[in-house]
Every structure is written in C-alpha cells, then in structure tokens.
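J.: The structure's right below; bear with me while I get my questions together.
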Amino acid sequence: MALKNLLALVVLLALVGVSVGKPYGNPLRNQNRHRNPRATGDLDLDYYRSTCPQLESIVRRVTFQYVSRRPTLAAALLRMYFHDCFVRGCDGSILLKSPNKDAERDAIPNLSVRGYEVVDAVKASLERTWGCRGVVSCADILALVARDAVAVIGGPWWPVPLGRRDGRISKLSEVNLPSPFANVKTLKKNFLDKGLNSKDLVVLSGAHTIGVSSCGLINNRIHNFTGKGDFDPAMNPSYVRTLKKRCKPTDVRTPVDMDPGSARKFDSHYFNIVAQKKGLFTSDATLLDDIDTNLYIQAQVVTRGASFARDFSDSMVKLGFVEILTGRQGEIRRRCAFVN
C-alpha cells in the first residue's frame, strides 16, 4: 500500500507541476516592472524592440538554415550555451579566441564544443541590418540561437529576456564545469553556486536526450571501473555489454548516443533510460542517488514526460540569468570571437 501511495504522489506531483526540491520564483515575474531596462540593467523581452526589431526573426532564419541541414548542431549549440553560462555567467566569453590558446574555448572540456559558425553567421547578418549594427550582444545572440536550435528539431520553446552585455575576459584557467564523473552531491553544489536548484539539475540533465558523447569518456566505467577489469555496478549489465561491443578499451573517438533509441528527438525518454540504469555518465546515473532528483525522474517516467517541456523551459530561463552583465558592464562586441 505504501508503494502505491508513493506512486500516486509521484503522478500527482508531475501532473500539477509541483517543484521537486526547493521552490523558486519565476525570474520573469518582475521582468517588465521597469520602464527603462537599459537604464536599470534589467533584462527585458522587448529590449531591442526600438533598436533592432528584426532581431529574433533574423536569428530564427539563420539558425534554421544551419540546424535543418545538420540537426546535431542543436545539441552542440545548447551545450555551448550551458558551458558559457557556467563560467563567468552568460556573457559570451566562450566565444572569445586567444592567440595564446588560453581562452575558455581552449579548455579540454570545450575542445569538442562546436557551432561557433552559427553564432558568427547571425552576428554578421545583424551587422548588415539597418539599426542592428553594434547593438546586439553576442551573449544575447547565443541565448537566442540555443533556444531556436532546440525548436528546429521539435524541442520546447522558452522566452529569452534580452539585454546581456558581452564579457571582455575569457580564461582557460577558470573553466570548472560540472563533471560527467561527478556524484550528485557535487553536482547539486555546482548548480547551487550558480543559483540553480536540484530540480534545475535534473531537468537540465534532460538535455542529454539529444546528446552525443564518445567512448573515451566512458571506457573506464565499462572496462576498468576499479582497476580490476570490472564495470560500474550502477550500470545495467545488458547495457554494458552493448557498450563494450561499440567501445573497445583503447577507443576514444567512436561516438555514443546518450539517449539510445531516441537520440534524434528532444523528449523525456532520457529519464526512462536513467531509470533503467542506462545513464551513460556517472553524472546521469547518480541522479538516482538523491531523493529529489530520483523522484523527478520517476514522475517523468510514469507520466511520459507530462511536465518536462514546461520544466525545461523554466530552467532554461533561470539559466539565462546566471551572473549576467547588464547596463554599462562589459561591451557589445563587433565580432563575437574578439573583444573590441
């Protein structure tokens, strides 16, 4: 009876959209309370209405041109945005190049980041558009491109408040992203440090539904977990056998879908995989070790992702407010890869 009651509670929580973990307010709630967001340093959905009204249509058009031809760019651009926001905030610092190869994009976790050409193409188009030249930040462009790339492949849409400024600093030494090898306690602290809670952690992990990794990141987990030729006992043995056929012990390059069976579709299937102990990374599997994140996973499985799209949209809005530069901070870059 207790198990049935727990299951009923899981279903109810998912259907009514109750937050698992600490509750948080909608960051958009007070977003338009100031009449002049340029002066106050706030973000605003209509920030460019009078200066570059074509902005969102241009971003949508260019992003569609790229992602419709190469759908895997959706995951790549979403990942780029996440990596940007977790280092110095959502300031476009991941886009900067360094002649000394010591910028964020040169850090080992970012060497596989791709999609810069999409952001550059959007920026170039805006710089050719009357009224938009020198007006739109690369940080805002990246925020919009990530949203529109996901929409192109049929994923959820979310509002993107605008008015971010571009950072002038990008250091390889400052890159400290949540690790695919981390446990849930560490991950929760990583997210809490950015103002994000346990629900945001598990919801944003759902982006792995379109993720692709490589054998190099999982070989120890499936071939030599404790140095004795064993595999991680937190993994489904049948899944390990499947992975071993694809990833030989010395193979570091072969791609591996993070959501087998649904890797080309943005849906809630990722949570089914994790619940079956088929999470590719330790950071996926460990979500079952925390009561809040586990409860959310089970709710999505039982309800077939009833609240996932809405929850993902909410968490992406929150992510977009992490340590932003506004007002007179930073700059508006003329080229996204270089400071002015």
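A note on labels: chains of the structure tokens are A, B, ... as shown, every chain counts residues from 1, and ligands are counted from 1 in their shown order.
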Determine, counting only C-alpha atoms, which protein, DNA and RNA residues have an atom within 12 Å of an atom of A:Lys189; residues of the same chain fewer than 5 positions away are not included. Present the result as a VMD selection string.

T.: chain A and resid 177 to 179 182 to 184 194 to 198 200 to 201

J.: How about saving the chosen residues, all heavy atoms kept, as a PDB file, in the first residue's frame?

T.:
ATOM      1  N   LEU A 177      33.654  23.246 -15.107  1.00  0.00           N
ATOM      2  CA  LEU A 177      32.284  22.827 -15.426  1.00  0.00           C
ATOM      3  C   LEU A 177      31.868  21.606 -14.607  1.00  0.00           C
ATOM      4  O   LEU A 177      32.725  20.840 -14.151  1.00  0.00           O
ATOM      5  CB  LEU A 177      32.192  22.489 -16.914  1.00  0.00           C
ATOM      6  CG  LEU A 177      32.423  23.647 -17.875  1.00  0.00           C
ATOM      7  CD1 LEU A 177      32.735  23.124 -19.270  1.00  0.00           C
ATOM      8  CD2 LEU A 177      31.218  24.566 -17.908  1.00  0.00           C
ATOM      9  N   PRO A 178      30.569  21.413 -14.409  1.00  0.00           N
ATOM     10  CA  PRO A 178      30.106  20.169 -13.787  1.00  0.00           C
ATOM     11  C   PRO A 178      30.666  18.968 -14.558  1.00  0.00           C
ATOM     12  O   PRO A 178      30.592  18.917 -15.779  1.00  0.00           O
ATOM     13  CB  PRO A 178      28.583  20.271 -13.921  1.00  0.00           C
ATOM     14  CG  PRO A 178      28.314  21.738 -13.944  1.00  0.00           C
ATOM     15  CD  PRO A 178      29.448  22.327 -14.722  1.00  0.00           C
ATOM     16  N   SER A 179      31.221  18.029 -13.836  1.00  0.00           N
ATOM     17  CA  SER A 179      31.923  16.912 -14.470  1.00  0.00           C
ATOM     18  C   SER A 179      31.003  15.735 -14.755  1.00  0.00           C
ATOM     19  O   SER A 179      30.125  15.416 -13.951  1.00  0.00           O
ATOM     20  CB  SER A 179      33.064  16.447 -13.560  1.00  0.00           C
ATOM     21  OG  SER A 179      33.619  15.225 -14.010  1.00  0.00           O
ATOM     22  N   ALA A 182      31.110  13.315 -11.849  1.00  0.00           N
ATOM     23  CA  ALA A 182      30.754  13.799 -10.508  1.00  0.00           C
ATOM     24  C   ALA A 182      29.570  13.047  -9.921  1.00  0.00           C
ATOM     25  O   ALA A 182      28.702  12.540 -10.637  1.00  0.00           O
ATOM     26  CB  ALA A 182      30.442  15.294 -10.568  1.00  0.00           C
ATOM     27  N   ASN A 183      29.525  13.013  -8.570  1.00  0.00           N
ATOM     28  CA  ASN A 183      28.356  12.439  -7.893  1.00  0.00           C
ATOM     29  C   ASN A 183      27.308  13.530  -7.695  1.00  0.00           C
ATOM     30  O   ASN A 183      27.561  14.710  -7.928  1.00  0.00           O
ATOM     31  CB  ASN A 183      28.750  11.786  -6.569  1.00  0.00           C
ATOM     32  CG  ASN A 183      29.380  12.772  -5.592  1.00  0.00           C
ATOM     33  OD1 ASN A 183      28.992  13.935  -5.513  1.00  0.00           O
ATOM     34  ND2 ASN A 183      30.356  12.294  -4.820  1.00  0.00           N
ATOM     35  N   VAL A 184      26.134  13.121  -7.248  1.00  0.00           N
ATOM     36  CA  VAL A 184      25.017  14.051  -7.184  1.00  0.00           C
ATOM     37  C   VAL A 184      25.242  15.156  -6.151  1.00  0.00           C
ATOM     38  O   VAL A 184      24.799  16.296  -6.350  1.00  0.00           O
ATOM     39  CB  VAL A 184      23.693  13.301  -6.914  1.00  0.00           C
ATOM     40  CG1 VAL A 184      23.623  12.773  -5.486  1.00  0.00           C
ATOM     41  CG2 VAL A 184      22.499  14.185  -7.230  1.00  0.00           C
ATOM     42  N   LYS A 194      25.483  28.525  -8.782  1.00  0.00           N
ATOM     43  CA  LYS A 194      25.011  29.378  -9.877  1.00  0.00           C
ATOM     44  C   LYS A 194      23.566  29.827  -9.676  1.00  0.00           C
ATOM     45  O   LYS A 194      22.940  30.379 -10.590  1.00  0.00           O
ATOM     46  CB  LYS A 194      25.128  28.630 -11.217  1.00  0.00           C
ATOM     47  CG  LYS A 194      26.552  28.193 -11.558  1.00  0.00           C
ATOM     48  CD  LYS A 194      27.498  29.387 -11.643  1.00  0.00           C
ATOM     49  CE  LYS A 194      28.923  28.943 -11.921  1.00  0.00           C
ATOM     50  NZ  LYS A 194      29.852  30.102 -11.975  1.00  0.00           N
ATOM     51  N   GLY A 195      23.020  29.561  -8.488  1.00  0.00           N
ATOM     52  CA  GLY A 195      21.647  29.964  -8.210  1.00  0.00           C
ATOM     53  C   GLY A 195      20.607  28.999  -8.737  1.00  0.00           C
ATOM     54  O   GLY A 195      19.423  29.339  -8.827  1.00  0.00           O
ATOM     55  N   LEU A 196      21.022  27.800  -9.066  1.00  0.00           N
ATOM     56  CA  LEU A 196      20.119  26.784  -9.607  1.00  0.00           C
ATOM     57  C   LEU A 196      19.941  25.666  -8.583  1.00  0.00           C
ATOM     58  O   LEU A 196      20.877  25.321  -7.860  1.00  0.00           O
ATOM     59  CB  LEU A 196      20.682  26.219 -10.918  1.00  0.00           C
ATOM     60  CG  LEU A 196      20.964  27.259 -12.013  1.00  0.00           C
ATOM     61  CD1 LEU A 196      21.717  26.625 -13.170  1.00  0.00           C
ATOM     62  CD2 LEU A 196      19.659  27.883 -12.504  1.00  0.00           C
ATOM     63  N   ASN A 197      18.751  25.075  -8.535  1.00  0.00           N
ATOM     64  CA  ASN A 197      18.473  24.083  -7.502  1.00  0.00           C
ATOM     65  C   ASN A 197      18.477  22.658  -8.050  1.00  0.00           C
ATOM     66  O   ASN A 197      18.822  22.414  -9.212  1.00  0.00           O
ATOM     67  CB  ASN A 197      17.154  24.407  -6.787  1.00  0.00           C
ATOM     68  CG  ASN A 197      15.966  24.402  -7.740  1.00  0.00           C
ATOM     69  OD1 ASN A 197      15.975  23.727  -8.769  1.00  0.00           O
ATOM     70  ND2 ASN A 197      14.930  25.148  -7.398  1.00  0.00           N
ATOM     71  N   SER A 198      18.090  21.712  -7.192  1.00  0.00           N
ATOM     72  CA  SER A 198      18.149  20.302  -7.588  1.00  0.00           C
ATOM     73  C   SER A 198      17.190  19.982  -8.719  1.00  0.00           C
ATOM     74  O   SER A 198      17.455  19.103  -9.545  1.00  0.00           O
ATOM     75  CB  SER A 198      17.871  19.403  -6.377  1.00  0.00           C
ATOM     76  OG  SER A 198      16.601  19.684  -5.819  1.00  0.00           O
ATOM     77  N   ASP A 200      16.444  22.080 -11.174  1.00  0.00           N
ATOM     78  CA  ASP A 200      17.132  22.549 -12.373  1.00  0.00           C
ATOM     79  C   ASP A 200      18.190  21.545 -12.820  1.00  0.00           C
ATOM     80  O   ASP A 200      18.373  21.302 -14.014  1.00  0.00           O
ATOM     81  CB  ASP A 200      17.793  23.908 -12.111  1.00  0.00           C
ATOM     82  CG  ASP A 200      16.791  24.988 -11.741  1.00  0.00           C
ATOM     83  OD1 ASP A 200      15.763  25.094 -12.427  1.00  0.00           O
ATOM     84  OD2 ASP A 200      17.040  25.714 -10.761  1.00  0.00           O
ATOM     85  N   LEU A 201      18.891  20.961 -11.863  1.00  0.00           N
ATOM     86  CA  LEU A 201      19.910  19.969 -12.182  1.00  0.00           C
ATOM     87  C   LEU A 201      19.333  18.812 -12.972  1.00  0.00           C
ATOM     88  O   LEU A 201      19.838  18.449 -14.041  1.00  0.00           O
ATOM     89  CB  LEU A 201      20.559  19.462 -10.886  1.00  0.00           C
ATOM     90  CG  LEU A 201      21.372  18.160 -10.991  1.00  0.00           C
ATOM     91  CD1 LEU A 201      22.533  18.323 -11.952  1.00  0.00           C
ATOM     92  CD2 LEU A 201      21.863  17.743  -9.598  1.00  0.00           C
TER      93      LEU A 201
END

J.: Please list as a PyMOL selection string every residue within 8 Å of A:Arg168, counting only C-alpha atoms and excluding residues in the same chain fewer than 2 positions away.

T.: chain A and resi 93+166+170+330-331+339

J.: Taking only C-alpha atoms into account, name the residue in A:Gly227, A:Pro53, A:Gly320, A:Pro249 that is nearest to A:Cys132.

T.: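 Comparing A:Gly227, A:Pro53, A:Gly320, A:Pro249 against A:Cys132, the winner is A:Pro53.
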
J.: Could you check the closest approach to A:Ala75 for each of A:Lys244, A:Arg334, A:Lys265, A:Lys185 and tell me which residue wins, using only C-alpha atoms?

T.: A:Lys265

J.: At a cut-off of 10 Å, using only C-alpha atoms, what residues contact A:Ile58? Leave out same-chain residues fewer than 2 positions from it and give the result as a list in words.

T.: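 Residues meeting the cut-off are Pro53, Gln54, Leu55, Glu56, Arg60, Arg61, Val62, Thr63, Phe64, Val122, Lys123, Ser125, Leu126 and Thr129 of chain A.
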
J.: Which residues come within 7 Å of stretch 282-298 of chain A, counting only C-alpha atoms, excluding same-chain residues fewer than 4 positions away, as a list in words?

T.: Val10, Val20, Gly21, Pro180, Phe181, Ala182, Asn183, Val184, Ser198, Lys199, Val202, Phe271, Val274, Ala275, Lys277 and Val302 of chain A

J.: Go ahead and write the selection's residues with all heavy atoms as a tab-separated table (two decimals), in the first residue's frame.

T.:
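Output saved as again24.tsv:
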chain	number	residue	atom	x	y	z
A	10	VAL	N	3.79	10.61	-6.85
A	10	VAL	CA	4.66	10.95	-7.97
A	10	VAL	C	3.84	11.47	-9.14
A	10	VAL	O	4.16	12.49	-9.76
A	10	VAL	CB	5.50	9.73	-8.40
A	10	VAL	CG1	6.18	9.99	-9.74
A	10	VAL	CG2	6.54	9.41	-7.35
A	20	VAL	N	10.03	19.79	-7.50
A	20	VAL	CA	10.71	18.84	-6.64
A	20	VAL	C	11.97	19.52	-6.15
A	20	VAL	O	12.78	20.01	-6.92
A	20	VAL	CB	11.07	17.56	-7.42
A	20	VAL	CG1	11.86	16.62	-6.53
A	20	VAL	CG2	9.80	16.88	-7.92
A	21	GLY	N	12.19	19.58	-4.86
A	21	GLY	CA	13.31	20.32	-4.32
A	21	GLY	C	12.84	21.68	-3.86
A	21	GLY	O	11.65	21.95	-3.71
A	180	PRO	N	31.22	15.04	-15.88
A	180	PRO	CA	30.45	13.82	-16.16
A	180	PRO	C	30.78	12.69	-15.19
A	180	PRO	O	30.08	11.69	-15.14
A	180	PRO	CB	30.86	13.46	-17.59
A	180	PRO	CG	32.19	14.11	-17.79
A	180	PRO	CD	32.14	15.38	-16.99
A	181	PHE	N	31.86	12.89	-14.40
A	181	PHE	CA	32.27	11.87	-13.43
A	181	PHE	C	31.84	12.22	-12.01
A	181	PHE	O	32.15	11.49	-11.07
A	181	PHE	CB	33.80	11.70	-13.47
A	181	PHE	CG	34.35	11.55	-14.85
A	181	PHE	CD1	35.12	12.55	-15.43
A	181	PHE	CD2	34.09	10.41	-15.60
A	181	PHE	CE1	35.63	12.42	-16.71
A	181	PHE	CE2	34.59	10.26	-16.88
A	181	PHE	CZ	35.36	11.27	-17.44
A	182	ALA	N	31.11	13.31	-11.85
A	182	ALA	CA	30.75	13.80	-10.51
A	182	ALA	C	29.57	13.05	-9.92
A	182	ALA	O	28.70	12.54	-10.64
A	182	ALA	CB	30.44	15.29	-10.57
A	183	ASN	N	29.53	13.01	-8.57
A	183	ASN	CA	28.36	12.44	-7.89
A	183	ASN	C	27.31	13.53	-7.70
A	183	ASN	O	27.56	14.71	-7.93
A	183	ASN	CB	28.75	11.79	-6.57
A	183	ASN	CG	29.38	12.77	-5.59
A	183	ASN	OD1	28.99	13.93	-5.51
A	183	ASN	ND2	30.36	12.29	-4.82
A	184	VAL	N	26.13	13.12	-7.25
A	184	VAL	CA	25.02	14.05	-7.18
A	184	VAL	C	25.24	15.16	-6.15
A	184	VAL	O	24.80	16.30	-6.35
A	184	VAL	CB	23.69	13.30	-6.91
A	184	VAL	CG1	23.62	12.77	-5.49
A	184	VAL	CG2	22.50	14.18	-7.23
A	198	SER	N	18.09	21.71	-7.19
A	198	SER	CA	18.15	20.30	-7.59
A	198	SER	C	17.19	19.98	-8.72
A	198	SER	O	17.45	19.10	-9.54
A	198	SER	CB	17.87	19.40	-6.38
A	198	SER	OG	16.60	19.68	-5.82
A	199	LYS	N	16.08	20.69	-8.78
A	199	LYS	CA	15.16	20.47	-9.90
A	199	LYS	C	15.80	20.93	-11.21
A	199	LYS	O	15.70	20.25	-12.24
A	199	LYS	CB	13.83	21.18	-9.68
A	199	LYS	CG	12.85	20.91	-10.83
A	199	LYS	CD	11.50	21.55	-10.60
A	199	LYS	CE	10.56	21.22	-11.76
A	199	LYS	NZ	9.23	21.85	-11.60
A	202	VAL	N	18.28	18.20	-12.46
A	202	VAL	CA	17.74	17.02	-13.13
A	202	VAL	C	17.03	17.39	-14.42
A	202	VAL	O	17.09	16.68	-15.42
A	202	VAL	CB	16.81	16.23	-12.17
A	202	VAL	CG1	15.57	17.02	-11.79
A	202	VAL	CG2	16.43	14.88	-12.77
A	271	PHE	N	14.87	10.15	-19.26
A	271	PHE	CA	14.55	9.76	-17.88
A	271	PHE	C	14.23	8.27	-17.80
A	271	PHE	O	14.53	7.63	-16.79
A	271	PHE	CB	13.41	10.62	-17.35
A	271	PHE	CG	13.74	12.09	-17.31
A	271	PHE	CD1	13.14	12.98	-18.19
A	271	PHE	CD2	14.70	12.57	-16.43
A	271	PHE	CE1	13.48	14.32	-18.17
A	271	PHE	CE2	15.04	13.91	-16.40
A	271	PHE	CZ	14.43	14.79	-17.28
A	274	VAL	N	17.67	6.59	-17.74
A	274	VAL	CA	18.33	6.71	-16.44
A	274	VAL	C	17.66	5.78	-15.42
A	274	VAL	O	18.35	5.12	-14.63
A	274	VAL	CB	18.30	8.17	-15.94
A	274	VAL	CG1	18.82	8.27	-14.52
A	274	VAL	CG2	19.13	9.05	-16.87
A	275	ALA	N	16.34	5.72	-15.44
A	275	ALA	CA	15.61	4.86	-14.51
A	275	ALA	C	15.96	3.39	-14.71
A	275	ALA	O	15.90	2.58	-13.77
A	275	ALA	CB	14.11	5.07	-14.66
A	277	LYS	N	18.86	2.37	-15.37
A	277	LYS	CA	20.30	2.30	-15.08
A	277	LYS	C	21.14	2.23	-16.36
A	277	LYS	O	22.16	1.54	-16.43
A	277	LYS	CB	20.62	1.12	-14.16
A	277	LYS	CG	19.95	1.23	-12.80
A	277	LYS	CD	20.41	0.15	-11.84
A	277	LYS	CE	19.78	0.35	-10.46
A	277	LYS	NZ	20.25	-0.66	-9.49
A	302	VAL	N	6.59	7.81	-15.24
A	302	VAL	CA	5.20	7.41	-15.03
A	302	VAL	C	4.25	8.22	-15.92
A	302	VAL	O	3.28	7.69	-16.46
A	302	VAL	CB	4.82	7.56	-13.54
A	302	VAL	CG1	3.31	7.38	-13.36
A	302	VAL	CG2	5.57	6.55	-12.70

J.: For each of A:Pro255, A:Gly327, A:Pro71, A:Gly261, take the minimum atom-to-atom distance to A:Ala149, counting only C-alpha atoms, then give the residue where this is smallest.

T.: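 Answer, going by the shortest atom-to-atom distance: A:Pro71.
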
J.: Show which residues sit within 10 Å of A:Pro156, as an MDAnalysis selection string. Count only C-alpha atoms, and ignore same-chain residues fewer than 6 positions away.

T.: chainID A and resid 147:148 150 266:267 308:313

J.: Would you save the residues of that selection, restricted to N, CA and C atoms, as a PDB file, in the first residue's frame?

T.:
ATOM      1  N   ARG A 147      18.071  28.535 -27.992  1.00  0.00           N
ATOM      2  CA  ARG A 147      16.623  28.305 -27.942  1.00  0.00           C
ATOM      3  C   ARG A 147      16.071  27.887 -29.301  1.00  0.00           C
ATOM      4  N   ASP A 148      16.454  28.616 -30.345  1.00  0.00           N
ATOM      5  CA  ASP A 148      15.901  28.345 -31.674  1.00  0.00           C
ATOM      6  C   ASP A 148      16.427  27.047 -32.266  1.00  0.00           C
ATOM      7  N   VAL A 150      17.030  24.294 -30.594  1.00  0.00           N
ATOM      8  CA  VAL A 150      16.212  23.242 -29.995  1.00  0.00           C
ATOM      9  C   VAL A 150      14.824  23.219 -30.636  1.00  0.00           C
ATOM     10  N   PHE A 266      14.013  15.390 -29.199  1.00  0.00           N
ATOM     11  CA  PHE A 266      14.035  16.038 -27.890  1.00  0.00           C
ATOM     12  C   PHE A 266      12.765  15.657 -27.140  1.00  0.00           C
ATOM     13  N   ASP A 267      12.886  14.716 -26.218  1.00  0.00           N
ATOM     14  CA  ASP A 267      11.731  14.220 -25.478  1.00  0.00           C
ATOM     15  C   ASP A 267      12.174  13.808 -24.077  1.00  0.00           C
ATOM     16  N   PHE A 308       7.824  17.769 -18.543  1.00  0.00           N
ATOM     17  CA  PHE A 308       9.229  18.013 -18.882  1.00  0.00           C
ATOM     18  C   PHE A 308       9.435  19.247 -19.762  1.00  0.00           C
ATOM     19  N   ALA A 309       8.653  19.401 -20.804  1.00  0.00           N
ATOM     20  CA  ALA A 309       8.849  20.540 -21.710  1.00  0.00           C
ATOM     21  C   ALA A 309       8.686  21.857 -20.955  1.00  0.00           C
ATOM     22  N   ARG A 310       7.651  21.944 -20.126  1.00  0.00           N
ATOM     23  CA  ARG A 310       7.433  23.158 -19.342  1.00  0.00           C
ATOM     24  C   ARG A 310       8.553  23.377 -18.341  1.00  0.00           C
ATOM     25  N   ASP A 311       8.963  22.299 -17.681  1.00  0.00           N
ATOM     26  CA  ASP A 311      10.033  22.413 -16.684  1.00  0.00           C
ATOM     27  C   ASP A 311      11.346  22.819 -17.344  1.00  0.00           C
ATOM     28  N   PHE A 312      11.625  22.247 -18.511  1.00  0.00           N
ATOM     29  CA  PHE A 312      12.861  22.581 -19.207  1.00  0.00           C
ATOM     30  C   PHE A 312      12.869  24.057 -19.602  1.00  0.00           C
ATOM     31  N   SER A 313      11.751  24.528 -20.090  1.00  0.00           N
ATOM     32  CA  SER A 313      11.642  25.939 -20.449  1.00  0.00           C
ATOM     33  C   SER A 313      11.909  26.838 -19.248  1.00  0.00           C
TER      34      SER A 313
END

J.: Which residues are near A:Gly115? Cut-off 9 Å, only C-alpha atoms, ignore same chain within fewer than 5 positions. Put them as a list in words.

T.: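 These residues fall inside the cut-off: Leu73, Ala74, Ala76, Leu77 and Met80 of chain A.
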
J.: Please report the interatomic distance between atom CA of A:Gly89 and atom CA of A:Val322 in Å with one decimal.

T.: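 Going from atom CA of A:Gly89 over to atom CA of A:Val322, I get 5.1 Å.
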
J.: Using atom CA of A:Cys336 and atom CA of A:Lys97 as the two end points, give the distance in Å to one decimal.

T.: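 Those two atoms sit 8.9 Å apart.
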
J.: DSSP on the backbone: what in stretch 88-320 of chain A comes out strand (DSSP E), as a PyMOL selection string?

T.: chain A and resi 212-214+255-257

J.: Have a look at A:Ile222, A:Ala139, A:Val301, A:Leu111 and name the one nearest to A:Asn236; count only C-alpha atoms.

T.: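 Among the listed residues, A:Ile222 lies closest to A:Asn236.
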
J.: Report the residues of stretch 174-240 of chain A whose backbone DSSP state falls under helix (DSSP H, G or I), written as a VMD selection string.

T.: chain A and resid 174 184 to 192 198 to 210 215 to 217 219 to 223 237 to 240

J.: Can you work out the spacing between atom CA of A:Arg69 and atom CA of A:Cys90 in Å, to one decimal?

T.: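 Atom CA of A:Cys90 lies 27.0 Å from atom CA of A:Arg69.
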
J.: Can you work out which one of A:Val136, A:Leu243, A:Ile332, A:Ile141 has the shortest atom-to-atom distance to A:Tyr81, counting only C-alpha atoms?

T.: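 Ranking A:Val136, A:Leu243, A:Ile332, A:Ile141 by distance to A:Tyr81, first place goes to A:Ile141.
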
J.: Counting only C-alpha atoms, which of A:Pro109, A:Lys278, A:Ile324, A:Val118 gets nearest to A:Ser238?

T.: A:Lys278
